[in-house]
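**Q** File final-v9.txt below, compact mmCIF, C-alpha atoms:
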# COMPACT_ATOMS: atom_id res chain seq x y z
CA MET Z 1 97.33 135.96 150.31
CA ARG Z 2 96.99 138.02 147.14
CA LYS Z 3 98.96 141.19 146.60
CA PRO Z 4 96.78 144.31 146.89
CA ASP Z 5 97.47 145.26 143.28
CA SER Z 6 96.49 141.93 141.73
CA PRO Z 7 93.18 142.39 139.96
CA VAL Z 8 89.94 140.63 140.76
CA VAL Z 9 89.22 138.19 137.95
CA ILE Z 10 85.67 137.61 136.71
CA THR Z 11 85.26 134.66 134.37
CA GLU Z 12 82.30 133.86 132.15
CA TYR Z 13 81.46 130.14 131.97
CA ARG Z 14 79.57 128.73 129.01
CA ASN Z 15 75.89 128.14 129.86
CA GLY Z 16 76.74 128.93 133.48
CA PRO Z 17 77.38 131.70 135.98
CA LEU Z 18 80.10 134.31 136.32
CA LEU Z 19 82.86 133.27 138.70
CA VAL Z 20 84.62 135.90 140.76
CA ARG Z 21 88.07 135.29 142.17
CA GLY Z 22 90.25 137.69 144.12
CA ASP Z 23 90.00 140.19 146.92
CA PHE Z 24 86.50 141.44 146.14
CA GLN Z 25 83.62 142.98 148.08
CA LEU Z 26 80.04 142.53 146.97
CA LEU Z 27 77.53 145.25 147.93
CA ASP Z 28 73.74 145.17 147.76
CA ALA Z 29 71.55 147.98 146.38
CA ASP Z 30 71.81 149.83 149.70
CA GLY Z 31 75.58 149.61 149.75
CA GLN Z 32 75.62 146.93 152.44
CA GLU Z 33 78.21 144.20 152.06
CA ILE Z 34 76.83 140.78 151.11
CA PRO Z 35 78.79 138.39 153.30
CA THR Z 36 80.46 135.26 151.97
CA THR Z 37 83.01 132.89 153.42
CA ARG Z 38 83.88 131.52 149.99
CA ARG Z 39 87.03 132.57 148.12
CA THR Z 40 85.49 131.86 144.72
CA VAL Z 41 81.83 132.77 144.18
CA ALA Z 42 79.38 132.20 141.31
CA LEU Z 43 77.06 135.06 140.34
CA CYS Z 44 73.71 134.32 138.72
CA ARG Z 45 73.42 135.66 135.20
CA CYS Z 46 70.21 133.96 134.08
CA GLY Z 47 67.96 135.75 136.59
CA ARG Z 48 66.36 132.54 137.85
CA SER Z 49 68.32 131.97 141.06
CA SER Z 50 66.27 132.05 144.25
CA GLN Z 51 69.40 133.08 146.16
CA LYS Z 52 70.63 135.98 144.07
CA PRO Z 53 73.24 137.28 143.63
CA TRP Z 54 74.55 133.71 143.98
CA CYS Z 55 74.00 131.06 141.33
CA ASP Z 56 71.89 128.17 142.66
CA SER Z 57 72.00 126.11 139.44
CA SER Z 58 68.39 127.01 138.54
CA HIS Z 59 69.59 127.61 134.96
CA LYS Z 60 69.84 123.82 134.66
CA LEU Z 61 66.11 123.39 135.24
CA VAL Z 62 65.42 125.30 132.03
CA ARG Z 63 67.82 123.10 130.14
CA GLN Z 64 66.27 119.95 131.62
CA SER Z 65 62.68 120.98 130.85
CA ARG Z 66 63.67 121.94 127.30
CA ARG Z 67 65.24 118.51 126.92
CA ALA Z 68 62.15 116.80 128.31
CA ALA Z 69 59.96 118.72 125.88
CA SER Z 70 62.03 117.78 122.84
CA PRO Z 71 64.30 114.90 123.73
CA SER Z 72 65.64 114.54 120.20
CA THR Z 73 66.87 118.12 120.05
CA SER Z 74 70.24 118.97 121.41
CA THR Z 75 70.12 122.11 123.49
CA ASP Z 76 73.84 122.74 123.47
CA MET R 1 87.73 140.78 160.20
CA SER R 2 88.05 140.43 163.94
CA ILE R 3 90.78 138.40 165.53
CA THR R 4 89.61 135.87 168.05
CA ALA R 5 91.14 133.12 170.05
CA ASP R 6 90.89 129.64 168.61
CA SER R 7 87.18 129.43 167.94
CA SER R 8 87.12 125.77 167.07
CA THR R 9 84.35 124.18 169.03
CA PRO R 10 84.90 120.76 170.54
CA LEU R 11 83.44 118.51 167.89
CA SER R 12 82.74 115.39 169.79
CA PRO R 13 83.74 112.72 169.47
CA GLU R 14 87.09 113.78 168.05
CA ARG R 15 89.10 110.77 169.15
CA TRP R 16 86.59 108.12 168.15
CA GLU R 17 88.01 105.23 166.21
CA PRO R 18 85.48 103.03 164.43
CA PRO R 19 85.30 99.40 165.55
CA LEU R 20 85.78 96.61 163.04
CA PRO R 21 82.43 95.53 161.56
CA HIS R 22 80.96 92.04 161.49
CA PRO R 23 81.91 89.73 158.59
CA ARG R 24 79.44 89.21 155.74
CA GLY R 25 80.94 86.08 154.19
CA PRO R 26 84.20 84.20 153.64
CA ILE R 27 86.10 87.08 152.01
CA SER R 28 85.46 89.70 154.68
CA GLU R 29 86.05 86.98 157.28
CA VAL R 30 89.62 86.49 156.00
CA VAL R 31 90.34 90.24 156.02
CA LEU R 32 88.81 90.79 159.45
CA THR R 33 90.69 87.86 160.94
CA ALA R 34 93.94 89.27 159.60
CA LEU R 35 93.30 92.82 160.79
CA SER R 36 92.68 91.65 164.33
CA ARG R 37 96.25 90.27 164.45
CA ASP R 38 99.67 91.82 163.90
CA PRO R 39 100.62 92.44 160.26
CA GLY R 40 101.74 89.29 158.45
CA ASP R 41 100.30 86.87 155.95
CA LEU R 42 96.64 86.48 155.11
CA ALA R 43 94.74 83.29 154.50
CA ALA R 44 93.88 82.82 150.83
CA ILE R 45 91.06 85.10 149.66
CA PRO R 46 88.20 82.95 148.29
CA ALA R 47 87.25 83.83 144.72
CA PRO R 48 84.42 86.38 144.74
CA THR R 49 81.19 84.77 143.51
CA GLY R 50 78.54 87.48 143.87
CA ASP R 51 77.82 90.49 141.64
CA PRO R 52 81.09 92.47 141.75
CA LEU R 53 79.15 95.75 141.61
CA SER R 54 77.12 95.10 144.74
CA ASP R 55 78.18 91.97 146.63
CA ASP R 56 78.06 92.52 150.38
CA ASP R 57 81.06 90.33 151.20
CA LEU R 58 83.35 91.64 148.46
CA HIS R 59 82.56 95.29 149.07
CA LEU R 60 82.90 95.11 152.84
CA ALA R 61 86.31 93.42 152.40
CA LEU R 62 87.40 96.04 149.89
CA TYR R 63 86.12 98.84 152.12
CA LEU R 64 88.19 97.43 155.00
CA CYS R 65 91.34 97.41 152.85
CA TYR R 66 90.76 100.99 151.68
CA GLU R 67 89.75 102.36 155.04
CA LEU R 68 93.28 101.68 156.34
CA HIS R 69 94.31 104.66 154.16
CA TYR R 70 91.73 106.97 155.74
CA ARG R 71 90.81 106.61 159.43
CA GLY R 72 91.75 103.03 160.25
CA PHE R 73 89.93 100.96 162.88
CA ALA R 74 90.15 100.69 166.65
CA GLY R 75 92.71 98.10 167.68
CA VAL R 76 94.04 97.54 164.13
CA ASN R 77 97.80 97.92 163.67
CA PRO R 78 98.28 100.86 161.25
CA ARG R 79 101.16 99.01 159.57
CA TRP R 80 98.56 96.89 157.81
CA GLU R 81 98.09 99.83 155.41
CA TRP R 82 101.13 98.93 153.31
CA ASN R 83 101.36 95.23 154.16
CA PRO R 84 102.21 93.43 150.88
CA ALA R 85 99.95 90.46 151.61
CA LEU R 86 97.00 92.74 152.29
CA LEU R 87 97.70 94.76 149.13
CA ALA R 88 97.81 91.51 147.15
CA ALA R 89 94.45 90.48 148.61
CA ARG R 90 93.04 93.91 147.80
CA GLU R 91 94.13 93.50 144.19
CA ARG R 92 92.17 90.22 144.02
CA LEU R 93 89.06 92.16 145.00
CA GLU R 94 89.72 95.19 142.82
CA ALA R 95 90.20 93.16 139.64
CA PRO R 96 86.62 91.80 139.38
CA PHE R 97 85.23 95.17 140.49
CA GLU R 98 87.15 97.02 137.77
CA SER R 99 86.19 94.46 135.10
CA ALA R 100 82.52 94.70 136.03
CA LEU R 101 82.64 98.50 136.00
CA ARG R 102 84.19 98.54 132.53
CA ALA R 103 81.61 96.05 131.24
CA ALA R 104 78.62 97.84 132.77
CA TYR R 105 79.68 101.40 131.95
CA PRO R 106 81.42 101.44 128.56
CA VAL R 107 82.73 104.79 127.42
CA ASP R 108 82.39 104.47 123.64
CA PRO R 109 78.73 105.56 123.36
CA LEU R 110 79.52 108.68 125.39
CA ARG R 111 82.43 109.96 123.38
CA GLU R 112 82.10 112.97 121.15
CA GLY R 113 85.57 113.10 119.67
CA GLU R 114 87.86 114.61 122.24
CA ASP R 115 85.25 117.00 123.60
CA VAL R 116 85.20 115.85 127.21
CA ARG R 117 82.72 118.58 128.10
CA ALA R 118 80.06 117.24 125.73
CA GLY R 119 80.59 113.71 127.02
CA LEU R 120 80.24 114.77 130.66
CA LEU R 121 77.09 116.78 129.94
CA ARG R 122 75.64 113.72 128.23
CA ILE R 123 76.36 111.58 131.31
CA ALA R 124 74.82 114.25 133.57
CA ASP R 125 71.63 114.04 131.48
CA LEU R 126 71.35 110.23 131.67
CA PRO R 127 67.95 109.36 133.09
CA GLY R 128 68.02 107.75 136.51
CA PRO R 129 65.67 106.91 139.38
CA ALA R 130 64.15 110.10 140.78
CA LEU R 131 65.37 109.70 144.35
CA SER R 132 65.81 113.37 145.25
CA PRO R 133 62.30 114.39 144.03
CA TYR R 134 60.92 111.52 146.11
CA LEU R 135 62.88 112.70 149.15
CA ARG R 136 61.55 116.22 148.61
CA ASP R 137 57.89 115.30 148.16
CA LYS R 138 57.06 111.92 149.65
CA ALA R 139 59.69 110.22 151.80
CA THR R 140 58.79 109.41 155.38
CA LYS R 141 61.13 110.51 158.14
CA GLU R 142 62.35 106.93 158.51
CA GLN R 143 63.08 106.62 154.78
CA PHE R 144 64.98 109.90 154.73
CA LEU R 145 67.07 108.86 157.72
CA GLU R 146 67.95 105.62 155.95
CA VAL R 147 69.35 107.59 153.03
CA ILE R 148 71.29 109.82 155.43
CA VAL R 149 72.85 106.68 156.95
CA LEU R 150 73.52 105.04 153.56
CA ARG R 151 75.35 108.16 152.37
CA SER R 152 77.26 108.62 155.65
CA ALA R 153 79.85 106.07 154.53
CA TYR R 154 81.02 108.71 152.05
CA ARG R 155 79.82 112.05 153.38
CA LEU R 156 81.63 111.75 156.71
CA LYS R 157 84.83 111.76 154.64
CA GLU R 158 83.48 113.88 151.81
CA SER R 159 86.12 114.78 149.20
CA ASP R 160 88.88 112.82 150.93
CA PRO R 161 89.10 110.16 148.15
CA HIS R 162 89.50 112.70 145.34
CA SER R 163 92.23 114.56 147.22
CA PHE R 164 94.56 111.61 146.52
CA ALA R 165 94.61 112.81 142.90
CA ILE R 166 96.16 116.19 143.75
CA PRO R 167 99.85 115.17 143.50
CA ARG R 168 99.08 113.29 140.27
CA LEU R 169 97.83 116.33 138.36
CA GLU R 170 99.51 119.44 137.07
CA ASN R 171 98.75 122.96 135.93
CA LYS R 172 95.11 123.96 135.33
CA ALA R 173 93.58 120.63 136.36
CA LYS R 174 95.52 120.66 139.64
CA ALA R 175 94.64 124.28 140.43
CA ALA R 176 90.97 123.55 139.74
CA LEU R 177 90.88 120.41 141.89
CA VAL R 178 92.52 122.24 144.78
CA GLU R 179 90.17 125.21 144.36
CA ILE R 180 87.22 122.81 144.78
CA GLU R 181 88.81 120.81 147.59
CA TYR R 182 89.77 123.96 149.56
CA ASP R 183 86.08 124.86 149.66
CA GLU R 184 85.07 121.26 150.48
CA PHE R 185 87.45 121.39 153.43
CA GLY R 186 85.94 124.59 154.82
CA SER R 187 88.06 127.35 153.22
CA GLY R 188 90.28 127.38 156.30
CA ARG R 189 87.47 126.97 158.85
CA ALA R 190 87.21 123.59 160.56
CA ASP R 191 83.53 124.05 161.39
CA GLN R 192 82.76 124.54 157.68
CA ILE R 193 84.34 121.29 156.47
CA HIS R 194 81.59 119.58 154.51
CA ALA R 195 82.12 116.28 156.36
CA VAL R 196 81.71 118.23 159.62
CA LEU R 197 78.49 119.81 158.33
CA TYR R 198 77.23 116.30 157.63
CA ARG R 199 78.17 115.25 161.15
CA ASP R 200 76.24 118.24 162.52
CA SER R 201 73.25 117.31 160.34
CA MET R 202 73.30 113.71 161.56
CA ASN R 203 73.49 114.88 165.16
CA ALA R 204 70.57 117.23 164.61
CA MET R 205 68.54 114.31 163.23
CA GLY R 206 69.23 112.21 166.32
CA LEU R 207 71.57 109.88 164.43
CA ASP R 208 74.94 108.57 165.60
CA ALA R 209 77.40 110.86 163.79
CA ARG R 210 80.54 108.95 164.77
CA TYR R 211 82.59 107.95 161.74
CA GLY R 212 81.80 104.38 160.75
CA ALA R 213 79.23 103.86 163.51
CA TYR R 214 76.66 102.52 161.03
CA LEU R 215 79.01 100.44 158.88
CA ASP R 216 77.24 97.18 159.75
CA LEU R 217 73.98 98.60 158.38
CA VAL R 218 75.36 99.78 155.01
CA PRO R 219 74.83 97.24 152.19
CA GLY R 220 77.49 96.37 149.63
CA ILE R 221 75.72 98.25 146.86
CA ALA R 222 76.18 101.45 148.88
CA LEU R 223 79.76 100.61 149.88
CA ALA R 224 80.49 100.15 146.15
CA THR R 225 79.74 103.85 145.59
CA VAL R 226 82.45 104.66 148.16
CA ASN R 227 84.91 101.97 147.06
CA VAL R 228 84.87 103.23 143.48
CA MET R 229 86.18 106.59 144.70
CA SER R 230 88.96 104.92 146.68
CA LEU R 231 89.83 102.73 143.69
CA PHE R 232 90.18 105.83 141.52
CA GLY R 233 91.89 107.91 144.20
CA LEU R 234 94.48 105.39 145.31
CA HIS R 235 95.75 104.36 141.86
CA ARG R 236 97.66 106.90 139.81
CA ARG R 237 96.55 105.13 136.63
CA PHE R 238 92.98 106.14 137.55
CA ARG R 239 93.75 109.81 138.21
CA ALA R 240 91.62 110.91 135.26
CA ALA R 241 88.77 108.66 136.42
CA ALA R 242 88.96 110.36 139.83
CA VAL R 243 88.67 113.70 138.03
CA GLY R 244 85.68 112.46 136.00
CA HIS R 245 84.01 111.07 139.11
CA LEU R 246 84.34 114.33 141.01
CA ALA R 247 83.26 116.36 137.98
CA ILE R 248 79.99 114.48 137.48
CA ALA R 249 79.26 114.57 141.21
CA GLU R 250 79.69 118.34 141.27
CA MET R 251 77.68 118.78 138.06
CA THR R 252 74.64 116.92 139.39
CA SER R 253 74.73 117.90 143.05
CA ALA R 254 73.25 121.39 143.54
CA LEU R 255 69.67 120.72 142.42
CA SER R 256 69.61 117.33 144.17
CA ASN R 257 70.76 118.90 147.42
CA LYS R 258 68.17 121.66 147.10
CA ARG R 259 65.43 119.02 146.81
CA GLN R 260 66.79 117.13 149.82
CA ALA R 261 66.96 120.30 151.93
CA ASP R 262 63.34 121.08 151.00
CA GLY R 263 62.36 117.50 151.88
CA LEU R 264 63.98 117.79 155.31
CA ARG R 265 62.14 121.07 155.92
CA ARG R 266 58.85 119.40 154.87
CA LEU R 267 59.52 116.81 157.58
CA GLY R 268 60.14 119.54 160.16
CA PHE R 269 63.91 119.34 160.52
CA ASP R 270 65.71 122.44 161.73
CA PRO R 271 68.34 124.58 159.95
CA ILE R 272 71.21 122.68 161.58
CA ALA R 273 69.90 119.48 160.02
CA THR R 274 69.41 121.07 156.58
CA ARG R 275 72.65 123.10 156.61
CA PHE R 276 74.79 120.51 154.80
CA PHE R 277 72.26 120.38 151.97
CA ASP R 278 71.64 124.14 151.82
CA GLU R 279 75.39 124.77 151.72
CA HIS R 280 75.78 122.41 148.77
CA VAL R 281 73.29 124.33 146.62
CA ILE R 282 75.54 127.38 146.45
CA ALA R 283 78.89 125.60 146.87
CA ASP R 284 78.30 123.07 144.13
CA SER R 285 76.97 125.71 141.75
CA VAL R 286 80.50 127.12 142.00
CA HIS R 287 82.25 123.74 141.89
CA ASP R 288 80.16 122.55 138.94
CA VAL R 289 81.62 124.94 136.37
CA ILE R 290 85.15 124.71 137.76
CA ALA R 291 85.01 120.90 137.69
CA LEU R 292 83.61 120.68 134.19
CA ASN R 293 85.58 123.40 132.44
CA ASP R 294 88.81 123.89 134.37
CA MET R 295 89.45 120.52 136.04
CA ALA R 296 88.12 117.97 133.52
CA GLY R 297 88.45 120.34 130.56
CA GLY R 298 91.91 121.38 131.70
CA LEU R 299 93.10 117.79 132.09
CA ALA R 300 91.69 116.80 128.68
CA ALA R 301 93.45 119.76 127.07
CA GLN R 302 96.76 118.81 128.69
CA GLU R 303 96.46 115.07 128.08
CA PRO R 304 93.86 114.26 125.40
CA GLU R 305 94.58 110.55 125.74
CA LEU R 306 92.91 110.69 129.18
CA VAL R 307 89.46 111.67 127.87
CA ASP R 308 88.21 108.07 127.97
CA ASP R 309 89.35 107.68 131.58
CA ILE R 310 87.61 110.92 132.60
CA LEU R 311 84.37 109.71 131.01
CA PHE R 312 84.80 106.25 132.55
CA GLY R 313 85.07 107.75 136.03
CA ALA R 314 81.97 109.87 135.48
CA SER R 315 79.99 107.04 133.93
CA ALA R 316 80.90 104.52 136.63
CA GLY R 317 80.07 106.97 139.43
CA THR R 318 76.71 107.81 137.86
CA GLY R 319 75.91 104.16 137.16
CA LEU R 320 76.62 103.03 140.72
CA ASP R 321 74.60 105.91 142.15
CA HIS R 322 71.64 105.00 139.93
CA ALA R 323 71.95 101.32 140.92
CA LEU R 324 71.88 102.31 144.59
CA ALA R 325 68.81 104.50 144.06
CA ARG R 326 67.03 101.63 142.27
CA TYR R 327 67.92 99.31 145.16
CA ILE R 328 66.53 101.81 147.69
CA PHE R 329 63.22 102.09 145.78
CA ASP R 330 63.00 98.30 145.36
CA ARG R 331 63.43 97.74 149.07
CA TRP R 332 60.89 100.40 149.99
CA GLU R 333 58.37 99.07 147.48
CA SER R 334 58.56 95.68 149.17
CA GLU R 335 58.25 97.46 152.53
CA ARG R 336 61.74 96.60 153.66
CA SER R 337 64.47 98.82 155.02
CA SER R 338 67.13 99.85 152.50
CA LEU R 339 69.66 99.22 155.28
CA ARG R 340 70.93 95.72 156.12
CA SER R 341 68.81 95.87 159.25
CA ALA R 342 66.31 98.51 160.25
CA LEU R 343 67.54 101.63 161.92
CA GLY R 344 66.84 101.00 165.57
CA ALA R 345 69.35 103.37 167.04
CA VAL R 346 67.26 106.50 166.71
CA ASP R 347 65.41 107.29 169.86
CA SER R 348 62.18 108.59 168.42
CA ASP R 349 61.45 110.68 171.51
CA SER R 350 64.76 112.49 171.26
CA LEU R 351 64.17 112.91 167.53
CA GLU R 352 60.74 114.42 168.10
CA SER R 353 62.23 116.90 170.53
CA ARG R 354 64.69 118.00 167.85
CA LEU R 355 62.02 118.55 165.24
CA THR R 356 60.62 122.03 165.02
CA SER R 357 56.88 122.17 165.50
What does the file become when written as structure tokens?

**A**
Amino acid sequence: MRKPDSPVVITEYRNGPLLVRGDFQLLDADGQEIPTTRRTVALCRCGRSSQKPWCDSSHKLVRQSRRAASPSTSTD
Amino acid sequence: MSITADSSTPLSPERWEPPLPHPRGPISEVVLTALSRDPGDLAAIPAPTGDPLSDDDLHLALYLCYELHYRGFAGVNPRWEWNPALLAARERLEAPFESALRAAYPVDPLREGEDVRAGLLRIADLPGPALSPYLRDKATKEQFLEVIVLRSAYRLKESDPHSFAIPRLENKAKAALVEIEYDEFGSGRADQIHAVLYRDSMNAMGLDARYGAYLDLVPGIALATVNVMSLFGLHRRFRAAAVGHLAIAEMTSALSNKRQADGLRRLGFDPIATRFFDEHVIADSVHDVIALNDMAGGLAAQEPELVDDILFGASAGTGLDHALARYIFDRWESERSSLRSALGAVDSDSLESRLTS
């Protein structure tokens, strides 16, 4: 496993969530640990996830509806 | 973290070996006849005549050849896996399949220079039949179970085909593929392996969760979606296509799985039945960005000449999935089962008892 002194890495992905890798602990507003079995997690940063703090890909729905509204316009 | 004794639950049936299926024509007949004997020569493979993207006979025969590399079949000598005559026969089936894939899913219109990311996003946005919204809002229980069975040919070995690409990649692309696969295979917990979650879901729906139990019911057009992954996984020259195939699957999976989980809840299925789908909403939201940026993007950065192959893998996977969804809708519209014969194995009484009220 990782050495204790190796830092947790948080990576920003374009038009996507923040990915967290490393020996991290995630706490809720009351200081309680939010359990996960996953080594790499994705944190919502668009505010639309129904399973916050995790990303549930809801950001894609915005992109899809924008595309449907103006199919000739690239949203990238 | 507490330390416990081995907590692995007995996941029956662990020692099940799938039986050989019934032949669907002269090609699968030749392969089945061979596999029931000791390894040696095969009779000549008749030239495939049906649509190479969906033909029942061709795709069952190809599936049989590939399956020797995964779980094998009861009573079949495992030495068939590398038998030169069988590999030569397999090549005769792969050639028309590959040609048809390249003709049906050309890469040129998808290219945006060497920006593999833009090309993959374009493929992810291709319009297709709205199967997952239908499953969420309208599908009957019987229709949903048909889709569960159709997809079982892949999901009971989920991610196995792409893992063949691991030793053929290096650096960032390899690390990204393994990061995804580690999660697919349960992050060190056998009961969290995605294929095991699918088995649990099938059990909870009253279906037969034994690997390959429904093979005779799965039409060629659905086996083609599995065979394409084995084609890409088992040939090093297709390693970038395997990457593209996995990338597009991960990029389009989370929302589709969310709809399917909601559809199962609408039909009254319990959390054990929906677990596979619920898990994929969060898991594939992680895998999505790793697959697109680190795995496919990483491979394209290392080997720009592989961009076309990455897009080909993604385009072929998407195209075959859309063709299967169209087939399913066509069959339902003419009030036929999307399986080769209707699902009779589900005891509706035992299913009702599993449904929450």

**Q** With distances taken over only C-alpha atoms, which of R:Leu223, R:Ala118, R:Ala190, R:Ala273 is nearest to Val307 of chain R?

**A**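 Nearest to Val307 of chain R: R:Ala118.
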
**Q** Specify as a list in words all residues of chain R found within 9 Å of chain Z, counting all atoms listed in the file.

**A**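 Result, ordered by chain then number: Ala118, Asp125, Glu179, Asp183, Gly186, Ser187, Ala254, Leu255, Lys258, Val281, Ile282, Ala283, Asp284, Ser285, Val286, His287, Asp288, Val289, Ile290 and Asn293 of chain R.
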
**Q** Between R:Ala139, R:Leu207, R:Leu320, R:Ala173, which residue has the minimum interatomic distance to Arg265 of chain R, considering only C-alpha atoms?

**A**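 That would be R:Ala139, the residue with the smallest distance to Arg265 of chain R.
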
**Q** Could you tell me how far atom CA of Thr49 of chain R sits from atom CA of Ala61 of chain R, in Å to one decimal place?

**A**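 We find that atom CA of Ala61 of chain R and atom CA of Thr49 of chain R lie 13.4 Å from each other.
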
**Q** Considering all atoms listed in the file, can you say which of R:Phe144, R:Leu93, R:Pro39, R:Lys138 comes closest to Glu81 of chain R?

**A** R:Pro39

**Q** List the spatial neighbours of Pro19 of chain R as a VMD selection string - criterion: any atom at most 12 Å away, all atoms listed in the file, same-chain residues fewer than 6 positions off excluded.

**A** chain R and resid 32 35 to 36 64 67 71 to 76 210 to 216

**Q** Any chance you could export the current selection's C-alpha atoms as a compact mmCIF listing (two decimals), keeping the file's coordinate frame?

**A**
# COMPACT_ATOMS: atom_id res chain seq x y z
CA LEU R 32 88.81 90.79 159.45
CA LEU R 35 93.30 92.82 160.79
CA SER R 36 92.68 91.65 164.33
CA LEU R 64 88.19 97.43 155.00
CA GLU R 67 89.75 102.36 155.04
CA ARG R 71 90.81 106.61 159.43
CA GLY R 72 91.75 103.03 160.25
CA PHE R 73 89.93 100.96 162.88
CA ALA R 74 90.15 100.69 166.65
CA GLY R 75 92.71 98.10 167.68
CA VAL R 76 94.04 97.54 164.13
CA ARG R 210 80.54 108.95 164.77
CA TYR R 211 82.59 107.95 161.74
CA GLY R 212 81.80 104.38 160.75
CA ALA R 213 79.23 103.86 163.51
CA TYR R 214 76.66 102.52 161.03
CA LEU R 215 79.01 100.44 158.88
CA ASP R 216 77.24 97.18 159.75

**Q** Identify which of the residues R:Asp51, R:Asp191, R:Glu184, R:Asp41 lies closest to Ser159 of chain R, counting only C-alpha atoms when measuring atom-to-atom distances.

**A**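 Result for the nearest residue to Ser159 of chain R: R:Glu184.
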
**Q** Calculated over all atoms listed in the file, which of the candidates R:Arg24, R:Glu142, R:Phe185, R:Arg37 has the smallest distance to Glu335 of chain R?

**A** R:Glu142

**Q** Figure out the distance between atom CA of Arg259 of chain R and atom CA of Ala153 of chain R, please, to one decimal in Å.

**A**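 Taking atom CA of Ala153 of chain R and atom CA of Arg259 of chain R, their separation equals 20.9 Å.
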
**Q** I'd like the interatomic distance between atom CA of Thr252 of chain R and atom CA of Pro96 of chain R, to a tenth of an Å.

**A**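 Between atom CA of Thr252 of chain R and atom CA of Pro96 of chain R the gap is 27.8 Å.
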
**Q** Measuring between only C-alpha atoms, which one of Z:Arg48, Z:Ser6, Z:His59, Z:Pro53 shows the shortest distance to Thr36 of chain Z?

**A** Z:Pro53

**Q** Just the residues within 12 Å of Leu68 of chain R, please, counting all atoms listed in the file, with nothing from its chain fewer than 5 positions along; format it as a PyMOL selection string.

**A** chain R and resi 17-18+20+31+35+61-63+73-83+86-87+90+230+234

**Q** Would you mind listing what lies within 12 Å of Val149 of chain R as a PyMOL selection string, with only C-alpha atoms counted and same-chain residues fewer than 2 positions away left out?

**A** chain R and resi 142-147+151-156+198-199+201-203+205-219+222-223+337-346

**Q** Skip segment 100-113 of chain R itself and residues of its chain fewer than 5 positions away, then list as number ranges by chain all residues within 12 Å of it, counting all atoms listed in the file.

**A** R: 50-55, 93-95, 118-126, 224-225, 227-228, 231-232, 241, 244, 300, 304-320, 322-323
